[in-house]
$ cat upload-v1.txt   # compact mmCIF, C-alpha atoms
# COMPACT_ATOMS: atom_id res chain seq x y z
CA MET H 1 3.85 -15.84 -18.85
CA TYR H 2 4.99 -19.19 -20.25
CA ASP H 3 3.07 -22.19 -18.99
CA PHE H 4 4.43 -24.60 -16.40
CA THR H 5 3.26 -27.57 -14.38
CA TYR H 6 1.93 -26.67 -10.97
CA THR H 7 2.38 -29.06 -8.08
CA LYS H 8 1.77 -28.87 -4.34
CA PRO H 9 3.68 -31.33 -2.15
CA SER H 10 2.76 -31.68 1.52
CA SER H 11 6.17 -32.46 2.98
CA ILE H 12 9.64 -30.91 2.91
CA ALA H 13 11.13 -34.19 1.66
CA ASP H 14 8.73 -34.35 -1.29
CA ALA H 15 9.37 -30.71 -2.21
CA ALA H 16 13.14 -31.21 -2.12
CA LYS H 17 12.83 -34.33 -4.29
CA LEU H 18 10.91 -32.38 -6.94
CA LEU H 19 13.68 -29.80 -7.15
CA ALA H 20 16.44 -32.42 -7.11
CA ALA H 21 14.77 -34.20 -10.04
CA ASP H 22 14.32 -31.07 -12.13
CA PRO H 23 16.88 -28.24 -12.16
CA ASP H 24 14.37 -25.99 -13.95
CA ALA H 25 11.72 -26.26 -11.24
CA LYS H 26 11.07 -23.34 -8.87
CA PHE H 27 9.59 -23.04 -5.39
CA ILE H 28 6.73 -20.62 -4.80
CA SER H 29 5.25 -19.41 -1.51
CA GLY H 30 3.75 -15.92 -1.66
CA GLY H 31 4.78 -15.39 -5.27
CA GLN H 32 5.07 -11.60 -4.92
CA THR H 33 8.51 -11.60 -6.54
CA LEU H 34 8.42 -14.80 -8.59
CA LEU H 35 5.15 -14.10 -10.41
CA PRO H 36 6.15 -10.60 -11.62
CA ALA H 37 9.47 -12.12 -12.79
CA LEU H 38 7.65 -14.89 -14.68
CA LYS H 39 5.32 -12.36 -16.29
CA HIS H 40 8.37 -10.52 -17.60
CA ARG H 41 9.69 -13.86 -18.84
CA LEU H 42 12.85 -13.35 -16.80
CA ASN H 43 12.57 -16.97 -15.78
CA ARG H 44 11.06 -20.04 -17.39
CA PRO H 45 10.46 -22.83 -14.87
CA THR H 46 9.17 -26.18 -16.06
CA THR H 47 7.46 -26.81 -12.74
CA VAL H 48 6.33 -24.48 -9.99
CA VAL H 49 6.35 -26.23 -6.63
CA ASP H 50 3.87 -24.67 -4.21
CA LEU H 51 5.22 -24.89 -0.66
CA THR H 52 2.14 -23.53 1.09
CA GLY H 53 0.79 -26.98 1.92
CA ILE H 54 3.78 -27.81 4.16
CA ALA H 55 2.50 -27.27 7.69
CA GLU H 56 5.90 -27.56 9.41
CA MET H 57 7.14 -24.45 7.59
CA ARG H 58 4.54 -22.25 9.29
CA GLY H 59 4.25 -20.51 12.61
CA ILE H 60 5.94 -18.16 15.04
CA ARG H 61 7.24 -19.53 18.34
CA ARG H 62 9.53 -18.59 21.19
CA GLU H 63 12.30 -21.10 21.88
CA GLY H 64 14.34 -20.01 24.90
CA ASN H 65 16.09 -16.78 23.97
CA SER H 66 15.19 -17.06 20.30
CA LEU H 67 12.20 -16.39 18.14
CA VAL H 68 11.68 -19.01 15.43
CA ILE H 69 9.62 -17.92 12.43
CA GLY H 70 8.54 -20.41 9.78
CA ALA H 71 9.52 -19.64 6.20
CA LEU H 72 5.88 -19.49 5.03
CA THR H 73 4.98 -16.79 7.55
CA ARG H 74 3.56 -13.80 5.71
CA HIS H 75 4.83 -10.27 6.29
CA ALA H 76 1.41 -9.23 7.65
CA GLU H 77 1.56 -12.03 10.23
CA VAL H 78 5.01 -10.96 11.45
CA ALA H 79 3.89 -7.31 11.53
CA THR H 80 0.88 -8.05 13.74
CA SER H 81 2.19 -10.95 15.84
CA ALA H 82 2.05 -10.24 19.58
CA GLU H 83 4.95 -12.68 20.02
CA VAL H 84 7.18 -10.79 17.57
CA LYS H 85 6.16 -7.37 18.92
CA ALA H 86 7.08 -8.47 22.44
CA ALA H 87 10.41 -10.13 21.57
CA ILE H 88 11.79 -8.10 18.64
CA PRO H 89 9.59 -5.04 18.02
CA ALA H 90 11.99 -3.78 15.34
CA LEU H 91 11.29 -6.91 13.28
CA ALA H 92 7.51 -6.42 13.48
CA GLU H 93 7.93 -2.75 12.58
CA MET H 94 10.14 -3.65 9.61
CA ALA H 95 7.64 -6.21 8.33
CA SER H 96 4.84 -3.64 8.58
CA ASN H 97 6.65 -1.46 6.03
CA ILE H 98 7.47 -4.04 3.35
CA GLY H 99 5.80 -3.30 0.00
CA ASP H 100 2.11 -2.54 0.47
CA THR H 101 -0.79 -4.18 2.33
CA GLN H 102 -1.59 -6.61 -0.46
CA VAL H 103 2.05 -7.68 -0.85
CA ARG H 104 2.28 -8.16 2.92
CA ASN H 105 -0.82 -10.37 2.84
CA ARG H 106 0.90 -12.80 0.43
CA GLY H 107 4.67 -12.34 0.61
CA THR H 108 6.63 -14.57 2.98
CA LEU H 109 9.75 -14.38 5.14
CA GLY H 110 11.33 -17.40 3.47
CA GLY H 111 10.70 -16.12 -0.03
CA SER H 112 12.28 -12.76 0.70
CA VAL H 113 15.37 -14.23 2.38
CA ALA H 114 15.91 -17.01 -0.18
CA ASN H 115 15.59 -14.53 -3.05
CA ASN H 116 18.13 -12.13 -1.46
CA ASP H 117 17.13 -9.10 -3.50
CA PRO H 118 19.67 -6.38 -2.63
CA ALA H 119 16.77 -3.99 -2.02
CA ALA H 120 14.69 -6.36 0.13
CA ASP H 121 14.12 -5.67 3.84
CA TYR H 122 14.34 -9.06 5.54
CA PRO H 123 17.98 -9.88 4.67
CA ALA H 124 19.00 -6.81 6.72
CA ALA H 125 17.12 -8.14 9.76
CA VAL H 126 18.55 -11.65 9.38
CA LEU H 127 22.13 -10.34 9.11
CA GLY H 128 21.61 -7.46 11.54
CA LEU H 129 20.34 -9.76 14.28
CA GLY H 130 22.83 -12.54 13.56
CA ALA H 131 20.02 -15.01 12.93
CA THR H 132 20.37 -18.64 11.88
CA VAL H 133 18.79 -19.93 8.68
CA VAL H 134 17.28 -23.38 9.25
CA THR H 135 17.08 -25.39 6.04
CA SER H 136 15.86 -28.84 5.07
CA SER H 137 19.36 -30.23 5.63
CA ARG H 138 21.36 -27.92 7.94
CA GLU H 139 21.62 -24.67 9.85
CA ILE H 140 23.44 -21.71 8.27
CA PRO H 141 24.59 -18.63 10.22
CA ALA H 142 23.49 -15.35 8.62
CA ASP H 143 27.13 -14.35 8.15
CA GLU H 144 27.59 -17.32 5.78
CA PHE H 145 24.20 -17.20 4.06
CA PHE H 146 24.08 -14.07 1.86
CA LEU H 147 26.70 -14.57 -0.86
CA GLY H 148 25.93 -11.93 -3.49
CA MET H 149 23.21 -10.35 -5.59
CA PHE H 150 20.24 -12.76 -5.59
CA THR H 151 22.67 -15.45 -4.39
CA THR H 152 22.64 -17.40 -1.13
CA ALA H 153 24.29 -20.49 0.34
CA LEU H 154 21.15 -22.53 -0.42
CA GLU H 155 21.68 -25.54 -2.70
CA PRO H 156 19.18 -25.84 -5.58
CA ASP H 157 17.11 -28.52 -3.83
CA GLU H 158 17.53 -27.11 -0.32
CA LEU H 159 14.51 -25.50 1.33
CA LEU H 160 14.59 -22.59 3.71
CA VAL H 161 12.38 -23.97 6.51
CA ALA H 162 12.58 -21.33 9.25
CA ILE H 163 14.72 -18.56 10.67
CA ARG H 164 15.88 -18.46 14.28
CA PHE H 165 16.31 -14.89 15.50
CA PRO H 166 18.24 -14.40 18.76
CA ILE H 167 16.31 -11.89 20.89
CA PRO H 168 18.40 -8.70 21.15
CA GLU H 169 18.56 -6.13 23.95
CA LYS H 170 18.03 -3.40 21.37
CA ALA H 171 17.34 -3.35 17.66
CA GLY H 172 16.24 -0.77 15.12
CA TYR H 173 15.75 -0.43 11.38
CA ALA H 174 15.59 2.58 9.10
CA LYS H 175 15.38 2.78 5.32
CA MET H 176 15.11 5.29 2.53
CA ARG H 177 12.59 4.09 -0.02
CA ASN H 178 12.74 4.79 -3.70
CA PRO H 179 9.76 7.13 -4.09
CA ALA H 180 8.46 5.26 -7.14
CA SER H 181 9.20 1.57 -6.61
CA ARG H 182 9.21 1.76 -2.78
CA TYR H 183 12.20 -0.60 -2.74
CA VAL H 184 15.07 0.22 -0.40
CA MET H 185 17.65 2.75 -1.67
CA ALA H 186 19.66 2.26 1.50
CA GLY H 187 18.72 0.79 4.85
CA ALA H 188 20.37 -0.13 8.13
CA PHE H 189 19.40 -2.73 10.71
CA VAL H 190 21.31 -2.33 13.97
CA SER H 191 21.23 -4.51 17.08
CA ARG H 192 22.97 -5.13 20.37
CA GLY H 193 22.55 -8.48 22.09
CA PRO H 194 23.76 -12.07 22.24
CA GLN H 195 25.33 -11.75 18.78
CA GLY H 196 27.25 -8.64 19.79
CA ILE H 197 26.81 -5.29 18.11
CA ARG H 198 25.76 -5.61 14.49
CA VAL H 199 25.06 -3.16 11.69
CA ALA H 200 23.66 -4.63 8.47
CA ILE H 201 23.26 -2.44 5.39
CA ASN H 202 20.78 -3.27 2.62
CA GLY H 203 19.77 -1.55 -0.60
CA ALA H 204 23.08 0.26 -1.01
CA GLY H 205 25.25 -2.56 -2.34
CA PRO H 206 24.74 -5.62 -4.56
CA CYS H 207 24.16 -7.70 -1.40
CA VAL H 208 23.37 -6.98 2.23
CA PHE H 209 26.62 -6.46 4.21
CA ARG H 210 27.91 -5.68 7.70
CA GLN H 211 29.42 -2.26 8.35
CA ALA H 212 32.38 -3.07 10.63
CA ASP H 213 33.44 0.55 11.24
CA MET H 214 29.98 1.43 12.50
CA GLU H 215 29.89 -1.68 14.68
CA ALA H 216 33.20 -0.62 16.26
CA ALA H 217 31.91 2.91 16.77
CA LEU H 218 28.76 1.63 18.47
CA ALA H 219 30.82 -0.68 20.67
CA GLY H 220 32.54 2.47 21.97
CA ALA H 221 29.28 4.31 22.57
CA TRP H 222 25.75 3.26 21.61
CA SER H 223 24.47 6.51 20.16
CA ALA H 224 23.51 8.08 16.85
CA ASP H 225 26.47 10.47 17.26
CA ALA H 226 28.84 7.50 17.33
CA VAL H 227 27.90 6.43 13.79
CA ALA H 228 27.41 9.98 12.48
CA GLY H 229 31.14 10.35 11.91
CA VAL H 230 31.59 7.02 10.13
CA LYS H 231 31.66 7.40 6.36
CA GLN H 232 30.67 4.52 4.10
CA ASP H 233 33.02 3.95 1.16
CA ALA H 234 31.10 4.41 -2.11
CA ASP H 235 33.34 1.93 -3.90
CA GLY H 236 31.32 -1.12 -4.96
CA LEU H 237 27.92 0.35 -4.03
CA ASN H 238 25.02 0.46 -6.49
CA GLY H 239 24.78 3.46 -8.78
CA ASP H 240 21.81 3.83 -11.13
CA ILE H 241 19.24 6.35 -12.39
CA HIS H 242 17.74 6.46 -8.90
CA GLY H 243 20.93 7.48 -7.12
CA SER H 244 24.71 7.42 -7.46
CA ALA H 245 26.96 5.21 -5.35
CA GLU H 246 28.12 8.36 -3.54
CA TYR H 247 24.52 9.29 -2.72
CA ARG H 248 23.83 5.80 -1.39
CA ALA H 249 27.04 5.90 0.66
CA HIS H 250 25.80 9.12 2.27
CA LEU H 251 22.40 7.54 2.92
CA VAL H 252 24.03 4.58 4.71
CA THR H 253 25.30 6.83 7.49
CA VAL H 254 21.99 8.70 7.72
CA MET H 255 20.01 5.45 7.92
CA ALA H 256 22.40 3.97 10.50
CA LYS H 257 21.90 7.06 12.69
CA ARG H 258 18.14 6.76 12.38
CA ALA H 259 18.24 3.02 13.10
CA VAL H 260 20.21 3.61 16.33
CA VAL H 261 17.67 6.26 17.37
CA ALA H 262 14.84 3.82 16.58
CA ALA H 263 16.55 1.12 18.66
CA GLY H 264 16.74 3.51 21.63
CA MET S 1 -6.24 -30.03 -17.80
CA PRO S 2 -5.82 -29.12 -14.10
CA GLN S 3 -8.84 -27.83 -12.24
CA VAL S 4 -9.36 -25.61 -9.24
CA THR S 5 -12.42 -25.49 -7.02
CA LEU S 6 -13.03 -22.27 -5.16
CA SER S 7 -15.85 -20.14 -3.85
CA VAL S 8 -16.37 -16.77 -5.54
CA ASN S 9 -18.86 -14.37 -3.95
CA GLY S 10 -20.43 -17.26 -2.07
CA LYS S 11 -20.86 -19.55 -5.07
CA SER S 12 -18.72 -22.64 -5.64
CA HIS S 13 -16.99 -23.02 -9.01
CA THR S 14 -14.82 -25.75 -10.48
CA VAL S 15 -12.77 -24.27 -13.30
CA ASP S 16 -10.33 -25.68 -15.87
CA ILE S 17 -7.04 -23.81 -15.62
CA GLU S 18 -3.42 -23.95 -16.77
CA GLY S 19 -0.57 -23.91 -14.27
CA ARG S 20 0.14 -20.31 -15.24
CA THR S 21 -3.47 -19.06 -14.96
CA LEU S 22 -3.66 -16.04 -12.67
CA LEU S 23 -6.58 -15.51 -10.32
CA VAL S 24 -7.54 -12.35 -12.21
CA GLU S 25 -7.66 -14.32 -15.47
CA LEU S 26 -9.89 -16.95 -13.87
CA LEU S 27 -12.23 -14.24 -12.57
CA ARG S 28 -12.42 -12.17 -15.75
CA GLU S 29 -12.06 -14.73 -18.52
CA LYS S 30 -13.56 -17.89 -17.03
CA LEU S 31 -16.22 -16.48 -14.71
CA ARG S 32 -16.79 -13.24 -16.66
CA LEU S 33 -16.53 -11.17 -13.50
CA THR S 34 -15.00 -8.17 -15.23
CA GLY S 35 -15.36 -5.76 -12.31
CA THR S 36 -11.87 -6.78 -11.23
CA HIS S 37 -9.49 -4.81 -13.46
CA VAL S 38 -5.95 -5.27 -14.73
CA GLY S 39 -4.22 -1.90 -14.70
CA CYS S 40 -0.47 -2.40 -14.72
CA ASP S 41 0.11 -6.16 -14.76
CA THR S 42 3.27 -5.47 -12.71
CA SER S 43 1.76 -5.80 -9.21
CA GLN S 44 1.85 -2.07 -8.52
CA CYS S 45 -1.49 -0.44 -9.31
CA GLY S 46 -3.99 -2.42 -7.23
CA ALA S 47 -6.87 -2.27 -9.75
CA CYS S 48 -7.06 -6.08 -9.45
CA VAL S 49 -7.46 -6.27 -5.65
CA VAL S 50 -9.89 -8.91 -4.39
CA HIS S 51 -10.26 -10.64 -1.04
CA ILE S 52 -9.04 -14.18 -0.44
CA ASP S 53 -10.42 -15.52 2.83
CA GLY S 54 -11.06 -11.94 3.91
CA GLU S 55 -7.60 -10.54 3.10
CA SER S 56 -6.98 -8.08 0.27
CA VAL S 57 -4.57 -9.42 -2.36
CA LYS S 58 -3.51 -8.55 -5.89
CA SER S 59 -5.27 -11.09 -8.09
CA CYS S 60 -2.80 -10.39 -10.94
CA THR S 61 -0.04 -11.69 -8.65
CA THR S 62 -1.79 -14.81 -7.39
CA LEU S 63 -1.87 -18.16 -9.16
CA ALA S 64 -5.37 -19.53 -9.63
CA ALA S 65 -4.07 -22.99 -8.74
CA MET S 66 -3.04 -21.69 -5.29
CA CYS S 67 -6.68 -20.74 -4.59
CA GLU S 68 -7.94 -24.32 -4.20
CA GLY S 69 -10.60 -24.27 -1.48
CA ALA S 70 -10.32 -20.49 -1.04
CA SER S 71 -13.18 -18.10 -0.54
CA VAL S 72 -12.80 -15.16 -2.93
CA THR S 73 -14.80 -11.93 -2.82
CA THR S 74 -14.75 -9.54 -5.77
CA ILE S 75 -16.30 -6.11 -6.24
CA GLU S 76 -19.40 -7.89 -7.63
CA GLY S 77 -19.85 -9.64 -4.28
CA LEU S 78 -19.98 -6.56 -2.05
CA ALA S 79 -23.51 -5.28 -2.66
CA LYS S 80 -26.50 -7.16 -1.23
CA ALA S 81 -28.59 -9.43 -3.47
CA ASP S 82 -31.30 -6.75 -3.67
CA GLY S 83 -28.77 -4.26 -5.06
CA THR S 84 -28.23 -2.30 -1.85
CA LEU S 85 -24.68 -1.01 -2.06
CA HIS S 86 -22.02 -1.81 0.54
CA PRO S 87 -21.32 1.27 2.72
CA MET S 88 -17.93 1.64 1.01
CA GLN S 89 -19.54 1.69 -2.44
CA GLU S 90 -22.18 4.12 -1.20
CA ALA S 91 -19.46 6.37 0.23
CA PHE S 92 -17.49 6.39 -3.03
CA ARG S 93 -20.68 7.51 -4.81
CA GLU S 94 -21.63 10.08 -2.18
CA TYR S 95 -18.15 11.66 -2.03
CA HIS S 96 -17.51 11.42 -5.76
CA ALA S 97 -14.39 9.37 -4.98
CA LEU S 98 -13.67 8.59 -8.62
CA GLN S 99 -13.18 10.17 -11.98
CA CYS S 100 -12.63 7.57 -14.68
CA GLY S 101 -13.47 4.73 -12.30
CA PHE S 102 -10.82 2.29 -13.50
CA CYS S 103 -9.04 2.01 -10.16
CA THR S 104 -12.30 2.08 -8.18
CA PRO S 105 -12.96 -1.68 -7.75
CA GLY S 106 -9.47 -2.19 -6.34
CA MET S 107 -9.70 0.93 -4.20
CA VAL S 108 -12.99 -0.24 -2.72
CA MET S 109 -11.75 -3.77 -2.01
CA SER S 110 -8.53 -2.48 -0.38
CA ALA S 111 -10.52 0.07 1.62
CA VAL S 112 -12.94 -2.56 2.96
CA ASP S 113 -10.02 -4.70 4.18
CA LEU S 114 -8.33 -1.63 5.70
CA VAL S 115 -11.45 -0.57 7.61
CA GLN S 116 -12.20 -4.11 8.79
CA LYS S 117 -8.66 -4.42 10.20
CA HIS S 118 -9.04 -1.18 12.19
CA PRO S 119 -12.16 -1.39 14.35
CA GLU S 120 -10.60 1.32 16.54
CA GLY S 121 -10.91 3.80 13.67
CA LEU S 122 -8.49 5.29 11.15
CA SER S 123 -6.71 8.62 10.91
CA GLU S 124 -6.39 10.37 7.55
CA LEU S 125 -2.69 9.42 7.49
CA GLU S 126 -3.49 5.76 8.17
CA ILE S 127 -5.99 5.76 5.31
CA ARG S 128 -3.45 7.32 2.94
CA GLU S 129 -0.76 4.84 3.99
CA GLY S 130 -3.27 2.00 3.76
CA LEU S 131 -3.83 2.88 0.09
CA GLU S 132 -0.15 2.50 -0.75
CA GLY S 133 -0.88 -0.46 -3.03
CA ASN S 134 -3.55 1.34 -5.07
CA LEU S 135 -2.82 3.94 -7.73
CA CYS S 136 -5.33 6.46 -9.09
CA ARG S 137 -4.07 8.23 -12.22
CA CYS S 138 -6.85 10.83 -12.23
CA THR S 139 -5.31 12.06 -8.94
CA GLY S 140 -8.57 11.59 -7.11
CA TYR S 141 -7.08 10.51 -3.79
CA HIS S 142 -8.54 13.35 -1.75
CA ASN S 143 -12.16 12.31 -2.15
CA ILE S 144 -11.22 8.63 -1.89
CA VAL S 145 -9.74 9.30 1.56
CA LYS S 146 -12.88 11.22 2.60
CA ALA S 147 -15.11 8.40 1.37
CA ILE S 148 -13.17 5.76 3.29
CA ALA S 149 -13.30 7.82 6.49
CA ALA S 150 -17.09 8.14 6.11
CA ALA S 151 -17.56 4.46 5.29
CA ALA S 152 -15.44 3.50 8.30
CA GLU S 153 -17.83 5.37 10.58
CA VAL S 154 -20.82 3.57 9.10
CA MET S 155 -19.14 0.14 9.04
CA HIS S 156 -18.19 0.50 12.72
CA GLY S 157 -21.65 1.73 13.73
CA LYS S 158 -20.67 5.31 14.57
CA ARG S 159 -23.05 6.70 11.94
CA GLU S 160 -26.18 5.20 10.47
CA THR S 161 -25.86 6.22 6.86
CA ILE S 162 -23.28 7.58 4.47
CA ALA S 163 -25.57 10.52 3.72
CA ALA S 164 -25.47 11.47 7.40
CA ALA S 165 -21.69 11.17 7.40
CA ALA S 166 -21.50 13.40 4.33
CA GLN S 167 -23.25 16.21 6.17

$ encode --input "upload-v1.txt" --output "structure tokens"
Amino acid sequence: MYDFTYTKPSSIADAAKLLAADPDAKFISGGQTLLPALKHRLNRPTTVVDLTGIAEMRGIRREGNSLVIGALTRHAEVATSAEVKAAIPALAEMASNIGDTQVRNRGTLGGSVANNDPAADYPAAVLGLGATVVTSSREIPADEFFLGMFTTALEPDELLVAIRFPIPEKAGYAKMRNPASRYVMAGAFVSRGPQGIRVAINGAGPCVFRQADMEAALAGAWSADAVAGVKQDADGLNGDIHGSAEYRAHLVTVMAKRAVVAAG
Amino acid sequence: MPQVTLSVNGKSHTVDIEGRTLLVELLREKLRLTGTHVGCDTSQCGACVVHIDGESVKSCTTLAAMCEGASVTTIEGLAKADGTLHPMQEAFREYHALQCGFCTPGMVMSAVDLVQKHPEGLSELEIREGLEGNLCRCTGYHNIVKAIAAAAEVMHGKRETIAAAAQ
């Protein structure tokens, strides 16, 4: 790993200033994606800005009909939070299956969502629940946040501060993991609630996306059978040594069925 | 040069580091605590697992600078000062839960965290799933799982000694 300057601001404003002043600086929170990337020299930041000293980016709280989770909240905290389990059990369940125990003890919600890895879990929950991304300067609806592979609507010096999840009536998540890397081959997060009926697909394409045909089918009847007949177009999906685009397209329907069953 | 002050196995250290210094490098190269291993260097194998403030983490995927004020426990810090092994170490010996031993420090540290988080007890499946972040290339998982189940009984006061659990 190339060397860099390490710095730890204690406010959102100071962190944003550091990034605004240096386009080659990078934020770090849990580091479970950034540090492996730096070790492979895929990235060469001049400065690594540690966000973990910013108290206002922490915590899980209920605000009316929403659950607000701070960006620095670790996967293990979401997985075991009584508040999350009560309000959105599917979210706690999803967090409990990210990576492994040690990754969950360090990795954070904000890091996962801001990175927008196509095979990450959290983007599916954010899009599948119709959540709102709260940043240092504005609020961005999930539908406008995920722009492409590893690309989001965040500006370079904009911090993801928290995510506001509307509490659904029902929600469920299912994924097929790559047996070696444990990353998502294809996953589906489904929900019914204040944001309507939503089906978000991760792992299968270059970026998490909504499956409109499945949403329409579930609007007709909320059941696994309703999505069983909906085929995902393989065009534009990821194809690699782990699975062809056609295989992933098939998995999308299977995972959507399982997610609806999980949602109940 | 930047410095970090942290507690390792109950002893405070102030260490010169670079921004890029990993916790595992601080432990092995600065403090000469070579019980913590680097197996894959890609965050997958778990040979480098230590505890930070009681939670198991991969020390090859943690910046040393982010450990300011932290309390770190390594495999060297598990046994008592008089050399009495921790029940998990004793169980690994009793059940022959290792072959080459390279993954063992990480396995033990992950297992201690797993057992501590489950005072209600652990099923075999929960133990196997709990070891997801630790790879053993000698394929010794079977005895590792048995050892952790036995150590869990001792750590939670259901048995007095590992030897009794082994019978």

$ closest_residue --input "upload-v1.txt" --among "H:Thr7, H:Thr132, H:Thr73, H:Asn202" --to "chain S" --atoms "only C-alpha atoms"
H:Thr7

$ interface_residues --input "upload-v1.txt" --of "chain H" --to "chain S" --cutoff "8 Å" --atoms "only C-alpha atoms" --output "mmCIF file with C-alpha atoms, in the frame of the given file"
data_model
loop_
_atom_site.group_PDB
_atom_site.id
_atom_site.type_symbol
_atom_site.label_atom_id
_atom_site.label_comp_id
_atom_site.auth_asym_id
_atom_site.auth_seq_id
_atom_site.Cartn_x
_atom_site.Cartn_y
_atom_site.Cartn_z
ATOM 1 C CA MET H 1 3.850 -15.840 -18.850
ATOM 2 C CA TYR H 2 4.990 -19.190 -20.250
ATOM 3 C CA ASP H 3 3.070 -22.190 -18.990
ATOM 4 C CA PHE H 4 4.430 -24.600 -16.400
ATOM 5 C CA THR H 5 3.260 -27.570 -14.380
ATOM 6 C CA TYR H 6 1.930 -26.670 -10.970
ATOM 7 C CA GLY H 31 4.780 -15.390 -5.270
ATOM 8 C CA GLN H 32 5.070 -11.600 -4.920
ATOM 9 C CA LEU H 35 5.150 -14.100 -10.410
ATOM 10 C CA PRO H 36 6.150 -10.600 -11.620
ATOM 11 C CA ASP H 50 3.870 -24.670 -4.210
ATOM 12 C CA GLY H 99 5.800 -3.300 0.000
ATOM 13 C CA ASP H 100 2.110 -2.540 0.470
ATOM 14 C CA THR H 101 -0.790 -4.180 2.330
ATOM 15 C CA GLN H 102 -1.590 -6.610 -0.460
ATOM 16 C CA VAL H 103 2.050 -7.680 -0.850
ATOM 17 C CA ASN H 105 -0.820 -10.370 2.840
ATOM 18 C CA ARG H 106 0.900 -12.800 0.430
#

$ atom_distance --input "upload-v1.txt" --atom1 "CA of Arg198 (chain H)" --atom2 "CA of Gly30 (chain H)"
29.2 Å

$ closest_residue --input "upload-v1.txt" --among "H:Ala20, H:Ile167, H:Val84, H:Leu34" --to "Gly64 (chain H)" --atoms "only C-alpha atoms"
H:Ile167

$ closest_residue --input "upload-v1.txt" --among "H:Asn65, H:Ser136, H:Thr108, H:Asn116" --to "Ala15 (chain H)" --atoms "only C-alpha atoms"
H:Ser136

$ residues_around --input "upload-v1.txt" --residues "region 144-160 of chain S" --least-positions-apart "6" --cutoff "9 Å" --atoms "only C-alpha atoms" --output "number ranges by chain"
S: 87-98, 107-108, 111-112, 115-116, 118-124, 127-128, 131, 166

$ closest_atom_pairs --input "upload-v1.txt" --of "region 83-157 of chain S" --to "region 28-38 of chain S" --cutoff "9 Å" --atoms "all atoms listed in the file" --output "Markdown table"
| residue | atom | partner | partner_atom | distance |
| --- | --- | --- | --- | --- |
| S:Phe102 | CA | S:His37 | CA | 7.2 |
| S:Cys103 | CA | S:His37 | CA | 7.6 |
| S:Pro105 | CA | S:Thr36 | CA | 6.3 |
| S:Gly106 | CA | S:Thr36 | CA | 7.1 |

$ write_last_selection --input "upload-v1.txt" --atoms "C-alpha atoms" --output "mmCIF file, in the frame of the given file"
data_model
loop_
_atom_site.group_PDB
_atom_site.id
_atom_site.type_symbol
_atom_site.label_atom_id
_atom_site.label_comp_id
_atom_site.auth_asym_id
_atom_site.auth_seq_id
_atom_site.Cartn_x
_atom_site.Cartn_y
_atom_site.Cartn_z
ATOM 1 C CA PHE S 102 -10.820 2.290 -13.500
ATOM 2 C CA CYS S 103 -9.040 2.010 -10.160
ATOM 3 C CA PRO S 105 -12.960 -1.680 -7.750
ATOM 4 C CA GLY S 106 -9.470 -2.190 -6.340
#

$ atom_distance --input "upload-v1.txt" --atom1 "CA of Pro23 (chain H)" --atom2 "CA of Leu154 (chain H)"
13.7 Å

$ closest_residue --input "upload-v1.txt" --among "S:Gly77, S:Gly140, S:Gly69, S:Gly54" --to "Cys100 (chain S)" --atoms "only C-alpha atoms"
S:Gly140

$ closest_residue --input "upload-v1.txt" --among "H:Ala174, H:Val134, H:Val252, H:Ala226" --to "Ala95 (chain H)" --atoms "all atoms listed in the file"
H:Ala174

$ atom_distance --input "upload-v1.txt" --atom1 "CA of Pro9 (chain H)" --atom2 "CA of Asp53 (chain S)"
21.8 Å

$ residues_around --input "upload-v1.txt" --residues "Met57 (chain H)" --least-positions-apart "3" --cutoff "10 Å" --atoms "only C-alpha atoms" --output "ChimeraX atom specification"
/H:11-12,51-54,60,69-73,110,159-162

$ closest_residue --input "upload-v1.txt" --among "S:Thr74, S:His86, S:Thr104, S:Gln99" --to "Lys11 (chain S)" --atoms "all atoms listed in the file"
S:Thr74

$ build_atoms --input "upload-v1.txt" --residues "region 57-64 of chain S" --atoms "N, CA and C atoms" --output "mmCIF file, keeping the file's coordinate frame"
data_model
loop_
_atom_site.group_PDB
_atom_site.id
_atom_site.type_symbol
_atom_site.label_atom_id
_atom_site.label_comp_id
_atom_site.auth_asym_id
_atom_site.auth_seq_id
_atom_site.Cartn_x
_atom_site.Cartn_y
_atom_site.Cartn_z
ATOM 1 N N VAL S 57 -5.752 -8.949 -1.622
ATOM 2 C CA VAL S 57 -4.570 -9.420 -2.360
ATOM 3 C C VAL S 57 -4.672 -8.916 -3.804
ATOM 4 N N LYS S 58 -3.524 -8.928 -4.484
ATOM 5 C CA LYS S 58 -3.510 -8.550 -5.890
ATOM 6 C C LYS S 58 -3.758 -9.812 -6.729
ATOM 7 N N SER S 59 -4.911 -9.866 -7.385
ATOM 8 C CA SER S 59 -5.270 -11.090 -8.090
ATOM 9 C C SER S 59 -4.448 -11.282 -9.357
ATOM 10 N N CYS S 60 -3.709 -10.237 -9.789
ATOM 11 C CA CYS S 60 -2.800 -10.390 -10.940
ATOM 12 C C CYS S 60 -1.476 -10.988 -10.496
ATOM 13 N N THR S 61 -1.290 -11.146 -9.182
ATOM 14 C CA THR S 61 -0.040 -11.690 -8.650
ATOM 15 C C THR S 61 -0.345 -12.880 -7.752
ATOM 16 N N THR S 62 -1.373 -13.623 -8.131
ATOM 17 C CA THR S 62 -1.790 -14.810 -7.390
ATOM 18 C C THR S 62 -2.125 -15.897 -8.414
ATOM 19 N N LEU S 63 -1.529 -17.060 -8.254
ATOM 20 C CA LEU S 63 -1.870 -18.160 -9.160
ATOM 21 C C LEU S 63 -3.246 -18.713 -8.812
ATOM 22 N N ALA S 64 -4.047 -18.945 -9.850
ATOM 23 C CA ALA S 64 -5.370 -19.530 -9.630
ATOM 24 C C ALA S 64 -5.244 -20.882 -8.929
#
